[in-house]
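*Asks:* Here you go, this is entry-v4.tsv (TSV, C-alpha atoms and all ligand atoms).
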```
chain	number	residue	atom	x	y	z
A	1019	MET	CA	22.73	-16.44	-14.34
A	1020	ILE	CA	19.41	-14.75	-13.79
A	1021	LEU	CA	16.12	-15.65	-15.41
A	1022	GLY	CA	14.02	-12.56	-16.17
A	1023	ILE	CA	10.30	-12.83	-16.90
A	1024	ASP	CA	8.42	-9.90	-18.38
A	1025	ILE	CA	4.60	-10.20	-18.34
A	1026	GLY	CA	2.73	-7.68	-20.49
A	1027	GLY	CA	-0.78	-7.34	-21.84
A	1028	THR	CA	0.25	-8.06	-25.45
A	1029	LYS	CA	3.48	-10.03	-25.11
A	1030	CYS	CA	5.55	-11.89	-22.56
A	1031	ALA	CA	9.28	-12.62	-22.64
A	1032	ALA	CA	11.78	-14.85	-20.84
A	1033	VAL	CA	15.43	-13.80	-20.83
A	1034	LEU	CA	18.53	-15.42	-19.48
A	1035	GLY	CA	21.12	-12.87	-18.43
A	1036	THR	CA	23.86	-11.86	-16.03
A	1037	SER	CA	23.99	-9.51	-13.07
A	1038	GLU	CA	25.84	-7.08	-15.37
A	1039	GLY	CA	22.76	-6.78	-17.58
A	1040	GLU	CA	24.04	-8.91	-20.42
A	1041	VAL	CA	21.26	-10.83	-22.18
A	1042	LEU	CA	22.40	-14.31	-23.31
A	1043	GLU	CA	19.14	-15.80	-24.52
A	1044	ARG	CA	15.63	-14.55	-25.11
A	1045	ARG	CA	12.23	-15.94	-26.08
A	1046	ALA	CA	8.93	-14.13	-26.45
A	1047	MET	CA	5.30	-15.12	-26.90
A	1048	PRO	CA	2.02	-13.27	-27.52
A	1049	THR	CA	0.10	-13.02	-24.23
A	1050	GLU	CA	-3.35	-13.65	-25.75
A	1051	ALA	CA	-4.77	-12.02	-22.65
A	1052	ASP	CA	-8.27	-13.43	-23.24
A	1053	ALA	CA	-6.98	-17.00	-22.80
A	1054	GLY	CA	-7.18	-16.66	-19.01
A	1055	TRP	CA	-4.40	-16.64	-16.45
A	1056	ARG	CA	-3.95	-20.41	-16.07
A	1057	ASP	CA	-3.29	-20.90	-19.78
A	1058	ILE	CA	-0.96	-17.89	-19.97
A	1059	VAL	CA	1.01	-18.93	-16.88
A	1060	ASP	CA	1.38	-22.51	-18.19
A	1061	ARG	CA	2.79	-21.25	-21.51
A	1062	LEU	CA	5.00	-18.81	-19.61
A	1063	LEU	CA	6.38	-21.57	-17.35
A	1064	GLN	CA	7.12	-23.73	-20.41
A	1065	MET	CA	8.97	-20.85	-22.08
A	1066	ALA	CA	10.87	-20.17	-18.84
A	1067	ARG	CA	11.94	-23.85	-18.64
A	1068	ASP	CA	13.07	-23.72	-22.29
A	1069	VAL	CA	15.27	-20.71	-21.56
A	1070	GLY	CA	16.39	-21.33	-17.97
A	1071	GLY	CA	16.08	-25.11	-17.48
A	1072	GLY	CA	19.32	-26.90	-16.63
A	1073	ARG	CA	21.11	-23.61	-15.88
A	1074	GLU	CA	22.62	-22.63	-12.57
A	1075	LEU	CA	20.18	-19.84	-11.67
A	1076	THR	CA	20.79	-17.33	-8.86
A	1077	GLY	CA	17.27	-15.96	-9.14
A	1078	VAL	CA	14.11	-15.42	-11.14
A	1079	GLY	CA	12.88	-11.83	-11.52
A	1080	ILE	CA	9.28	-11.29	-12.66
A	1081	SER	CA	8.23	-7.87	-13.92
A	1082	CYS	CA	4.48	-7.34	-14.36
A	1083	GLY	CA	2.03	-4.45	-14.54
A	1084	GLY	CA	0.54	-3.53	-11.16
A	1085	PRO	CA	-1.28	-3.56	-8.88
A	1086	LEU	CA	0.50	-6.39	-7.13
A	1087	ASP	CA	1.40	-7.60	-3.67
A	1088	THR	CA	5.17	-8.10	-3.69
A	1089	THR	CA	5.24	-9.47	-0.14
A	1090	ARG	CA	3.02	-12.42	-1.10
A	1091	GLY	CA	4.15	-12.51	-4.74
A	1092	VAL	CA	0.62	-12.10	-6.05
A	1093	VAL	CA	-0.70	-10.23	-9.11
A	1094	MET	CA	-3.87	-8.24	-8.29
A	1095	SER	CA	-6.11	-7.46	-11.30
A	1096	PRO	CA	-3.92	-5.32	-13.59
A	1097	PRO	CA	-6.07	-3.52	-16.20
A	1098	ASN	CA	-4.07	-5.09	-19.07
A	1099	LEU	CA	-4.54	-8.68	-17.79
A	1100	PRO	CA	-8.28	-9.34	-17.44
A	1101	GLY	CA	-9.16	-12.13	-15.03
A	1102	TRP	CA	-5.86	-12.02	-13.10
A	1103	ASP	CA	-7.47	-11.64	-9.69
A	1104	ALA	CA	-4.95	-12.60	-7.01
A	1105	VAL	CA	-2.76	-14.85	-9.18
A	1106	PRO	CA	0.06	-16.38	-7.05
A	1107	ILE	CA	2.69	-15.99	-9.75
A	1108	ARG	CA	5.69	-16.23	-7.44
A	1109	SER	CA	4.72	-19.64	-6.03
A	1110	GLU	CA	4.08	-20.90	-9.59
A	1111	PHE	CA	7.70	-20.12	-10.47
A	1112	GLU	CA	9.03	-21.38	-7.12
A	1113	ARG	CA	7.45	-24.76	-7.90
A	1114	ALA	CA	8.93	-24.76	-11.42
A	1115	PHE	CA	12.43	-23.77	-10.21
A	1116	PRO	CA	12.87	-25.43	-6.77
A	1117	GLY	CA	15.39	-23.76	-4.48
A	1118	VAL	CA	15.73	-20.63	-6.64
A	1119	ARG	CA	14.77	-17.24	-5.20
A	1120	VAL	CA	11.86	-15.61	-7.08
A	1121	GLU	CA	10.94	-11.91	-6.87
A	1122	LEU	CA	7.86	-10.18	-8.28
A	1123	GLU	CA	7.89	-6.43	-8.94
A	1124	ASN	CA	5.71	-4.00	-10.86
A	1125	ASP	CA	7.11	-3.04	-14.25
A	1126	ALA	CA	7.68	0.65	-13.46
A	1127	ASN	CA	9.70	-0.19	-10.33
A	1128	ALA	CA	11.62	-2.87	-12.22
A	1129	THR	CA	12.43	-0.46	-15.06
A	1130	ALA	CA	13.51	2.14	-12.51
A	1131	LEU	CA	15.98	-0.42	-11.14
A	1132	ALA	CA	17.25	-1.22	-14.66
A	1133	GLU	CA	17.77	2.45	-15.59
A	1134	TRP	CA	19.49	2.95	-12.24
A	1135	ARG	CA	21.88	0.00	-12.65
A	1136	TRP	CA	22.59	0.14	-16.38
A	1137	GLY	CA	20.93	3.21	-17.91
A	1138	ALA	CA	20.43	6.93	-17.37
A	1139	GLY	CA	20.44	6.64	-13.56
A	1140	ARG	CA	23.90	5.03	-13.23
A	1141	GLY	CA	26.01	6.29	-10.36
A	1142	THR	CA	23.22	7.99	-8.38
A	1143	ARG	CA	21.82	7.20	-4.92
A	1144	HIS	CA	18.55	9.15	-5.19
A	1145	MET	CA	16.71	8.75	-8.45
A	1146	ALA	CA	13.15	8.81	-9.77
A	1147	PHE	CA	12.01	7.14	-12.98
A	1148	LEU	CA	8.75	8.01	-14.77
A	1149	THR	CA	7.49	5.99	-17.72
A	1150	MET	CA	5.70	8.74	-19.74
A	1151	GLY	CA	4.16	6.33	-22.27
A	1152	THR	CA	0.59	5.00	-22.30
A	1153	GLY	CA	0.49	5.99	-18.65
A	1154	ILE	CA	2.83	7.70	-16.22
A	1155	GLY	CA	4.13	5.00	-13.92
A	1156	GLY	CA	6.99	5.66	-11.58
A	1157	GLY	CA	9.70	4.09	-9.47
A	1158	LEU	CA	11.80	5.64	-6.72
A	1159	ILE	CA	15.35	4.70	-5.79
A	1160	LEU	CA	16.04	6.31	-2.42
A	1161	ASP	CA	19.31	5.95	-0.53
A	1162	GLY	CA	20.49	3.39	-3.07
A	1163	ARG	CA	17.50	1.06	-2.95
A	1164	LEU	CA	14.02	0.69	-4.39
A	1165	TYR	CA	11.40	2.35	-2.18
A	1166	ARG	CA	8.06	0.50	-2.23
A	1167	GLY	CA	6.08	2.19	0.53
A	1168	ALA	CA	3.61	0.52	2.93
A	1169	ASN	CA	1.85	-1.60	0.30
A	1170	ASP	CA	3.69	-1.26	-2.99
A	1171	LEU	CA	2.14	2.07	-4.03
A	1172	ALA	CA	5.10	4.42	-3.57
A	1173	GLY	CA	6.23	6.29	-6.66
A	1174	GLU	CA	2.79	6.62	-8.27
A	1175	VAL	CA	3.87	10.09	-9.34
A	1176	GLY	CA	1.48	10.03	-12.32
A	1177	HIS	CA	-1.57	10.16	-10.06
A	1178	GLN	CA	-0.78	13.32	-8.12
A	1179	THR	CA	-3.37	16.04	-8.72
A	1180	ILE	CA	-2.17	18.81	-11.05
A	1181	LEU	CA	-5.53	20.42	-11.99
A	1182	PRO	CA	-8.30	19.94	-9.37
A	1183	GLU	CA	-11.07	20.14	-11.99
A	1184	GLY	CA	-8.97	18.65	-14.81
A	1185	PRO	CA	-9.77	15.79	-17.18
A	1186	LEU	CA	-10.80	12.39	-15.87
A	1187	CYS	CA	-7.89	9.99	-15.38
A	1188	GLY	CA	-7.89	6.23	-16.07
A	1189	CYS	CA	-7.65	5.76	-12.28
A	1190	GLY	CA	-11.05	7.39	-11.76
A	1191	LYS	CA	-9.75	10.66	-10.24
A	1192	ARG	CA	-9.62	14.07	-11.90
A	1193	GLY	CA	-6.69	16.15	-13.08
A	1194	CYS	CA	-3.92	13.60	-12.44
A	1195	LEU	CA	-0.56	14.21	-14.11
A	1196	GLU	CA	-1.19	11.09	-16.22
A	1197	ALA	CA	-4.39	12.65	-17.60
A	1198	LEU	CA	-2.37	15.68	-18.77
A	1199	ALA	CA	1.08	14.55	-19.91
A	1200	SER	CA	1.02	10.84	-20.90
A	1201	GLY	CA	1.16	9.83	-24.58
A	1202	PRO	CA	-2.64	9.48	-24.94
A	1203	SER	CA	-3.16	12.75	-23.05
A	1204	ILE	CA	-0.87	14.61	-25.46
A	1205	GLY	CA	-2.96	13.19	-28.32
A	1206	ARG	CA	-6.11	14.37	-26.56
A	1207	LEU	CA	-4.74	17.88	-25.92
A	1208	ALA	CA	-4.03	18.12	-29.67
A	1209	ARG	CA	-7.42	16.73	-30.75
A	1210	ASP	CA	-9.27	19.16	-28.46
A	1211	SER	CA	-7.40	22.13	-29.96
A	1212	VAL	CA	-7.65	21.01	-33.59
A	1213	MET	CA	-11.43	21.26	-33.19
A	1214	TYR	CA	-11.08	25.03	-33.28
A	1215	GLY	CA	-9.45	25.06	-36.69
A	1216	ARG	CA	-5.83	25.06	-35.50
A	1217	GLY	CA	-3.11	22.47	-36.05
A	1218	ARG	CA	-3.35	21.87	-39.79
A	1219	ARG	CA	0.04	20.16	-40.04
A	1220	VAL	CA	-0.73	17.74	-37.21
A	1221	LEU	CA	-4.07	16.93	-38.80
A	1222	GLU	CA	-2.39	16.40	-42.17
A	1223	LEU	CA	0.13	13.96	-40.61
A	1224	ALA	CA	-2.82	12.03	-39.13
A	1225	GLY	CA	-4.29	11.59	-42.62
A	1226	GLY	CA	-6.88	14.34	-42.11
A	1227	LYS	CA	-8.74	12.49	-39.35
A	1228	VAL	CA	-9.00	14.27	-36.00
A	1229	ALA	CA	-9.68	10.96	-34.26
A	1230	ASP	CA	-6.35	9.54	-35.54
A	1231	ILE	CA	-4.19	12.25	-33.99
A	1232	THR	CA	-1.80	10.82	-31.40
A	1233	ALA	CA	1.33	12.04	-29.62
A	1234	ARG	CA	3.32	10.68	-32.58
A	1235	GLN	CA	2.02	13.30	-35.05
A	1236	VAL	CA	2.33	16.05	-32.44
A	1237	ILE	CA	6.02	15.23	-31.97
A	1238	GLU	CA	6.60	14.89	-35.71
A	1239	ALA	CA	5.04	18.30	-36.42
A	1240	ALA	CA	6.97	19.88	-33.55
A	1241	ARG	CA	10.21	18.48	-34.99
A	1242	GLU	CA	9.42	20.29	-38.25
A	1243	GLY	CA	9.06	23.50	-36.24
A	1244	ASP	CA	5.25	23.59	-36.39
A	1245	ALA	CA	4.02	26.12	-33.82
A	1246	PHE	CA	0.89	24.14	-32.92
A	1247	GLY	CA	2.83	20.93	-32.27
A	1248	LEU	CA	5.39	22.85	-30.21
A	1249	GLY	CA	2.58	24.48	-28.25
A	1250	ILE	CA	1.04	21.13	-27.32
A	1251	LEU	CA	4.41	19.79	-26.11
A	1252	GLU	CA	4.89	23.06	-24.20
A	1253	GLU	CA	1.54	22.55	-22.47
A	1254	ALA	CA	2.17	18.88	-21.60
A	1255	GLY	CA	5.73	19.73	-20.56
A	1256	THR	CA	4.46	22.44	-18.23
A	1257	TYR	CA	2.14	19.98	-16.48
A	1258	MET	CA	4.97	17.47	-16.26
A	1259	GLY	CA	7.23	20.19	-14.85
A	1260	ILE	CA	4.70	20.98	-12.11
A	1261	GLY	CA	4.54	17.29	-11.21
A	1262	LEU	CA	8.33	16.98	-11.13
A	1263	ALA	CA	8.71	20.18	-9.09
A	1264	ASN	CA	6.38	18.63	-6.48
A	1265	LEU	CA	8.41	15.43	-6.55
A	1266	ILE	CA	11.69	17.32	-6.17
A	1267	GLN	CA	10.34	19.22	-3.14
A	1268	ILE	CA	9.42	15.90	-1.52
A	1269	ILE	CA	12.37	13.59	-2.22
A	1270	ASN	CA	15.27	15.88	-3.30
A	1271	PRO	CA	16.55	13.49	-6.03
A	1272	GLU	CA	19.85	13.75	-7.90
A	1273	ARG	CA	18.30	12.59	-11.13
A	1274	ILE	CA	14.91	12.16	-12.76
A	1275	VAL	CA	14.81	9.75	-15.71
A	1276	LEU	CA	11.88	10.08	-18.12
A	1277	GLY	CA	10.69	7.34	-20.51
A	1278	THR	CA	9.07	7.10	-23.96
A	1279	ILE	CA	7.72	10.60	-24.76
A	1280	ALA	CA	10.84	12.32	-23.40
A	1281	VAL	CA	13.01	9.92	-25.42
A	1282	HIS	CA	11.11	10.61	-28.68
A	1283	ALA	CA	10.52	14.36	-28.23
A	1284	GLY	CA	13.85	15.14	-26.52
A	1285	ASP	CA	14.42	18.83	-25.78
A	1286	LEU	CA	11.09	19.76	-27.37
A	1287	ILE	CA	9.45	18.57	-24.16
A	1288	LEU	CA	12.44	18.49	-21.78
A	1289	GLU	CA	12.98	22.23	-22.18
A	1290	PRO	CA	9.48	23.25	-20.96
A	1291	ILE	CA	9.74	20.59	-18.24
A	1292	ARG	CA	13.08	21.93	-16.97
A	1293	ARG	CA	11.92	25.54	-17.21
A	1294	THR	CA	8.76	24.83	-15.19
A	1295	VAL	CA	10.74	22.86	-12.60
A	1296	ALA	CA	13.15	25.80	-12.21
A	1297	GLU	CA	10.23	28.22	-11.78
A	1298	ARG	CA	8.43	26.14	-9.16
A	1299	ALA	CA	10.88	24.11	-7.07
A	1300	TRP	CA	13.54	25.52	-4.78
A	1301	ALA	CA	16.71	26.55	-6.56
A	1302	ARG	CA	19.12	24.51	-4.42
A	1303	ALA	CA	17.13	21.33	-5.04
A	1304	VAL	CA	16.76	22.09	-8.77
A	1305	GLU	CA	20.50	22.75	-9.17
A	1306	ARG	CA	21.30	19.34	-7.68
A	1307	CYS	CA	18.89	17.44	-9.95
A	1308	THR	CA	19.36	16.55	-13.62
A	1309	ILE	CA	16.30	15.63	-15.71
A	1310	VAL	CA	17.23	13.26	-18.54
A	1311	PRO	CA	15.63	10.86	-21.03
A	1312	ALA	CA	15.83	7.11	-20.37
A	1313	GLU	CA	18.67	5.23	-22.08
A	1314	LEU	CA	17.66	1.58	-22.31
A	1315	GLY	CA	15.10	1.91	-25.13
A	1316	ASP	CA	13.85	-1.42	-26.50
A	1317	ARG	CA	15.96	-3.36	-24.02
A	1318	ALA	CA	14.25	-1.78	-20.97
A	1319	GLN	CA	11.67	-4.52	-20.40
A	1320	ASP	CA	14.13	-7.40	-20.60
A	1321	LEU	CA	16.62	-5.63	-18.39
A	1322	ALA	CA	13.88	-4.65	-15.93
A	1323	ALA	CA	13.20	-8.31	-15.15
A	1324	LEU	CA	16.94	-9.05	-14.78
A	1325	ALA	CA	17.50	-5.96	-12.60
A	1326	LEU	CA	15.27	-7.43	-9.87
A	1327	MET	CA	17.91	-10.06	-9.15
A	1328	ALA	CA	21.12	-8.26	-10.18
B	1	ZN	ZN	-4.97	9.10	-11.98
```
Kindly return the structure encoded in the file as structure tokens.

*Replies:*
Amino acid sequence: MILGIDIGGTKCAAVLGTSEGEVLERRAMPTEADAGWRDIVDRLLQMARDVGGGRELTGVGISCGGPLDTTRGVVMSPPNLPGWDAVPIRSEFERAFPGVRVELENDANATALAEWRWGAGRGTRHMAFLTMGTGIGGGLILDGRLYRGANDLAGEVGHQTILPEGPLCGCGKRGCLEALASGPSIGRLARDSVMYGRGRRVLELAGGKVADITARQVIEAAREGDAFGLGILEEAGTYMGIGLANLIQIINPERIVLGTIAVHAGDLILEPIRRTVAERAWARAVERCTIVPAELGDRAQDLAALALMA
């Protein structure tokens, strides 16, 4: 039995599961991020005891948004958890579950492990996972194990420069892949273009308000065959393809697994991604690498926490 803890900015969950990725029990709670870390951690520990207390646990896996220090088991000021400055989350759980091994990992790395064990990355030894949702987080499985780098920053594929003078990224740098191909960036690409009188269908789906256009309406319009929506996905897919071509040249993966946007838009974005990758990376590396949508869907976060100990 493994206890998996998922800590997010809006909700937290505790799941009891097996090393085969079977979830036996699950509880969730709203994070109420403004309550402060001590209050959140106390409620989290209580929920964890409710789910995992009295069970024979082989480990506790904690998945949380970065940045973190996995060596010390400390959460370092993630943007979605205000006030979490150097929170020793691992020792909190070690005290609550004496004698049980506890591991802390950032959510993108943990999800990479879950997709690799039980999802779209099954059976590979060299795999990259990119989230492609609110941001573009990443995790690398190299030679059959998670690669963390010198201080837990490996796999930050979303913050490679694609356009030197491009839009400002949430990280403070310019022209990052995340600023060009994440969910919010796709919404922004559409809003910027609608300004010039194009994209009537997308605007209509957003209730006529430019400010309400998100990736959701872009994908919906593209599914209907709308040329504007398809064009936006083509543009974002091209940026993503450049980023993945760079990644392929560096790590020569067998598989790249893409989250949220790729799952919802499917071939509408995968096709421009694959085409750009084929144009830019070396043919022998491209031929060896499949680029596929993630498979775990709604279960990804629960399984991510379990995957740390599986
Ligand atoms: Zn960035």

*Asks:* Of the candidates A:Ile1279, A:Leu1158, A:Ile1107, A:Ala1199, which shows the shortest atom-to-atom distance to ligand ZN 1 (chain B), using all atoms listed in the file?

*Replies:* A:Ala1199

*Asks:* When distances are computed from only C-alpha atoms and all ligand atoms, which of A:Glu1305, A:Asp1285, A:Glu1040, A:Glu1174 shows the smallest separation from ligand ZN 1 (chain B)?

*Replies:* A:Glu1174

*Asks:* Can you tell me which residues surround Pro1202 of chain A at a distance of at most 10 Å, considering only C-alpha atoms, apart from same-chain residues fewer than 3 positions away, and format the answer as a VMD selection string?

*Replies:* chain A and resid 1150 to 1153 1196 to 1199 1205 to 1208 1231 to 1234

*Asks:* Find, counting only C-alpha atoms, the residue in A:Met1094, A:Gly1084, A:Glu1289, A:Trp1102 that gets nearest to Ala1051 of chain A.

*Replies:*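 Between A:Met1094, A:Gly1084, A:Glu1289, A:Trp1102, the residue approaching Ala1051 of chain A most closely is A:Trp1102.
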
*Asks:* Please determine, counting only C-alpha atoms, which residue among A:Glu1297, A:Asp1024, A:Asp1210, A:Glu1242 has the shortest atom-to-atom distance to Ala1128 of chain A.

*Replies:*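 Closest residue, counting only C-alpha atoms: A:Asp1024.
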
*Asks:* Go through chain A and flag each residue having an atom no more than 10 Å from ligand ZN 1 (chain B); for those, report the closest pair of atoms plus their distance in Å to one decimal, using all atoms listed in the file, ordered by chain and rising number, as a tab-separated table.

*Replies:*
```
residue	atom	partner	partner_atom	distance
A:Gly1153	CA	B:ZN1	ZN	9.2
A:Ile1154	CA	B:ZN1	ZN	9.0
A:Glu1174	CA	B:ZN1	ZN	9.0
A:Val1175	CA	B:ZN1	ZN	9.3
A:Gly1176	CA	B:ZN1	ZN	6.5
A:His1177	CA	B:ZN1	ZN	4.0
A:Gln1178	CA	B:ZN1	ZN	7.1
A:Thr1179	CA	B:ZN1	ZN	7.8
A:Pro1185	CA	B:ZN1	ZN	9.7
A:Leu1186	CA	B:ZN1	ZN	7.7
A:Cys1187	CA	B:ZN1	ZN	4.6
A:Gly1188	CA	B:ZN1	ZN	5.8
A:Cys1189	CA	B:ZN1	ZN	4.3
A:Gly1190	CA	B:ZN1	ZN	6.3
A:Lys1191	CA	B:ZN1	ZN	5.3
A:Arg1192	CA	B:ZN1	ZN	6.8
A:Gly1193	CA	B:ZN1	ZN	7.3
A:Cys1194	CA	B:ZN1	ZN	4.6
A:Leu1195	CA	B:ZN1	ZN	7.1
A:Glu1196	CA	B:ZN1	ZN	6.0
A:Ala1197	CA	B:ZN1	ZN	6.7
A:Leu1198	CA	B:ZN1	ZN	9.8
```

*Asks:* To one decimal place in Å, what is the distance between atom CA of Thr1036 of chain A and atom CA of Phe1111 of chain A?

*Replies:*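 So the two atoms, atom CA of Thr1036 of chain A and atom CA of Phe1111 of chain A, lie 19.0 Å apart.
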
*Asks:* Can you work out the spacing between atom CA of Met1019 of chain A and atom CA of Ala1138 of chain A in Å, to one decimal?

*Replies:*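 Separation of atom CA of Met1019 of chain A and atom CA of Ala1138 of chain A: 23.7 Å.
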
*Asks:* Tell me which protein, DNA and RNA residues are within 8 Å of segment 1250-1260 of chain A, counting only C-alpha atoms, leaving out same-chain ones fewer than 4 positions away, and put them as a list of chain:residue names.

*Replies:*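 Selected residues are A:Ile1180, A:Leu1195, A:Leu1198, A:Ala1199, A:Ile1204, A:Leu1207, A:Ala1208, A:Val1236, A:Ile1237, A:Ala1240, A:Phe1246, A:Asn1264, A:Leu1286, A:Ile1287, A:Leu1288, A:Glu1289, A:Pro1290, A:Ile1291, A:Arg1292, A:Arg1293, A:Thr1294, A:Val1295, A:Arg1298.
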
*Asks:* Let me make sure I understand: among A:Ala1328, A:Leu1181, A:Val1033, A:Val1118, which one has the smallest atom-to-atom distance to Trp1134 of chain A if we use all atoms listed in the file?

*Replies:*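 Using all atoms listed in the file, the shortest distance to Trp1134 of chain A belongs to A:Ala1328.
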
*Asks:* So that I can see what lies close to segment 1056-1060 of chain A, please list as a list in words the residues with an atom at most 9 Å from it, counting all atoms listed in the file and leaving out residues fewer than 6 positions away in the same chain.

*Replies:* Thr1049, Glu1050, Val1105, Ile1107 and Glu1110 of chain A

*Asks:* Given only C-alpha atoms as the basis, pick out the residue of A:Leu1314, A:Ala1245, A:Leu1122, A:Ala1323 nearest to Thr1089 of chain A.

*Replies:* A:Leu1122

*Asks:* Provide the atom CA of Val1220 of chain A to atom CA of Ser1203 of chain A distance in Å, to one decimal place.

*Replies:*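 Taking atom CA of Val1220 of chain A and atom CA of Ser1203 of chain A, their separation equals 15.2 Å.
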
*Asks:* Quick one: residues within 12 Å of Ile1268 of chain A, all atoms listed in the file counted, chain neighbours fewer than 3 positions away excluded, as a ChimeraX atom specification?

*Replies:* /A:1144,1146,1158,1160,1173,1175,1261-1265,1271,1299-1300,1303

*Asks:* Find the residues around Glu1238 of chain A up to 9 Å (all atoms listed in the file counted), leave out those fewer than 6 positions away in its own chain, and share them as a VMD selection string.

*Replies:* chain A and resid 1220 1223 1244 1247 1283

*Asks:* For the residues in the current selection, export C-alpha atoms as a compact mmCIF listing (two decimals), in the coordinates of the input.

*Replies:*
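Below is the file that was written, selection.txt:
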```txt
# COMPACT_ATOMS: atom_id res chain seq x y z
CA VAL A 1220 -0.73 17.74 -37.21
CA LEU A 1223 0.13 13.96 -40.61
CA ASP A 1244 5.25 23.59 -36.39
CA GLY A 1247 2.83 20.93 -32.27
CA ALA A 1283 10.52 14.36 -28.23
```

*Asks:* Got a minute to add N, CA, C and O atoms to segment 1026-1040 of chain A and dump it as a PDB file, in the coordinates of the input?

*Replies:*
```
ATOM      1  N   GLY A1026       3.448  -8.861 -19.996  1.00  0.00           N
ATOM      2  CA  GLY A1026       2.730  -7.680 -20.490  1.00  0.00           C
ATOM      3  C   GLY A1026       1.373  -8.072 -21.032  1.00  0.00           C
ATOM      4  O   GLY A1026       1.069  -9.262 -21.196  1.00  0.00           O
ATOM      5  N   GLY A1027       0.569  -7.082 -21.343  1.00  0.00           N
ATOM      6  CA  GLY A1027      -0.780  -7.340 -21.840  1.00  0.00           C
ATOM      7  C   GLY A1027      -0.808  -7.877 -23.259  1.00  0.00           C
ATOM      8  O   GLY A1027      -1.729  -8.588 -23.647  1.00  0.00           O
ATOM      9  N   THR A1028       0.227  -7.561 -24.075  1.00  0.00           N
ATOM     10  CA  THR A1028       0.250  -8.060 -25.450  1.00  0.00           C
ATOM     11  C   THR A1028       1.324  -9.117 -25.677  1.00  0.00           C
ATOM     12  O   THR A1028       1.139 -10.014 -26.477  1.00  0.00           O
ATOM     13  N   LYS A1029       2.460  -8.997 -24.962  1.00  0.00           N
ATOM     14  CA  LYS A1029       3.480 -10.030 -25.110  1.00  0.00           C
ATOM     15  C   LYS A1029       4.186 -10.311 -23.787  1.00  0.00           C
ATOM     16  O   LYS A1029       4.196  -9.481 -22.877  1.00  0.00           O
ATOM     17  N   CYS A1030       4.757 -11.512 -23.725  1.00  0.00           N
ATOM     18  CA  CYS A1030       5.550 -11.890 -22.560  1.00  0.00           C
ATOM     19  C   CYS A1030       6.915 -12.345 -23.073  1.00  0.00           C
ATOM     20  O   CYS A1030       7.033 -12.826 -24.201  1.00  0.00           O
ATOM     21  N   ALA A1031       7.941 -12.196 -22.232  1.00  0.00           N
ATOM     22  CA  ALA A1031       9.280 -12.620 -22.640  1.00  0.00           C
ATOM     23  C   ALA A1031       9.974 -13.315 -21.477  1.00  0.00           C
ATOM     24  O   ALA A1031       9.672 -13.070 -20.313  1.00  0.00           O
ATOM     25  N   ALA A1032      10.895 -14.225 -21.829  1.00  0.00           N
ATOM     26  CA  ALA A1032      11.780 -14.850 -20.840  1.00  0.00           C
ATOM     27  C   ALA A1032      13.201 -14.607 -21.310  1.00  0.00           C
ATOM     28  O   ALA A1032      13.516 -14.890 -22.467  1.00  0.00           O
ATOM     29  N   VAL A1033      14.037 -14.048 -20.454  1.00  0.00           N
ATOM     30  CA  VAL A1033      15.430 -13.800 -20.830  1.00  0.00           C
ATOM     31  C   VAL A1033      16.369 -14.416 -19.813  1.00  0.00           C
ATOM     32  O   VAL A1033      16.092 -14.430 -18.613  1.00  0.00           O
ATOM     33  N   LEU A1034      17.468 -14.922 -20.329  1.00  0.00           N
ATOM     34  CA  LEU A1034      18.530 -15.420 -19.480  1.00  0.00           C
ATOM     35  C   LEU A1034      19.638 -14.388 -19.558  1.00  0.00           C
ATOM     36  O   LEU A1034      20.044 -13.984 -20.666  1.00  0.00           O
ATOM     37  N   GLY A1035      20.107 -13.915 -18.398  1.00  0.00           N
ATOM     38  CA  GLY A1035      21.120 -12.870 -18.430  1.00  0.00           C
ATOM     39  C   GLY A1035      22.011 -12.907 -17.212  1.00  0.00           C
ATOM     40  O   GLY A1035      21.892 -13.793 -16.363  1.00  0.00           O
ATOM     41  N   THR A1036      22.910 -11.926 -17.135  1.00  0.00           N
ATOM     42  CA  THR A1036      23.860 -11.860 -16.030  1.00  0.00           C
ATOM     43  C   THR A1036      23.536 -10.672 -15.135  1.00  0.00           C
ATOM     44  O   THR A1036      22.729  -9.813 -15.496  1.00  0.00           O
ATOM     45  N   SER A1037      24.206 -10.619 -13.989  1.00  0.00           N
ATOM     46  CA  SER A1037      23.990  -9.510 -13.070  1.00  0.00           C
ATOM     47  C   SER A1037      24.627  -8.223 -13.585  1.00  0.00           C
ATOM     48  O   SER A1037      24.487  -7.171 -12.977  1.00  0.00           O
ATOM     49  N   GLU A1038      25.323  -8.299 -14.729  1.00  0.00           N
ATOM     50  CA  GLU A1038      25.840  -7.080 -15.370  1.00  0.00           C
ATOM     51  C   GLU A1038      24.888  -6.567 -16.453  1.00  0.00           C
ATOM     52  O   GLU A1038      25.208  -5.625 -17.160  1.00  0.00           O
ATOM     53  N   GLY A1039      23.748  -7.235 -16.603  1.00  0.00           N
ATOM     54  CA  GLY A1039      22.760  -6.780 -17.580  1.00  0.00           C
ATOM     55  C   GLY A1039      23.026  -7.264 -18.989  1.00  0.00           C
ATOM     56  O   GLY A1039      22.528  -6.691 -19.959  1.00  0.00           O
ATOM     57  N   GLU A1040      23.788  -8.337 -19.098  1.00  0.00           N
ATOM     58  CA  GLU A1040      24.040  -8.910 -20.420  1.00  0.00           C
ATOM     59  C   GLU A1040      22.988  -9.985 -20.694  1.00  0.00           C
ATOM     60  O   GLU A1040      22.795 -10.888 -19.881  1.00  0.00           O
TER      61      GLU A1040
END
```
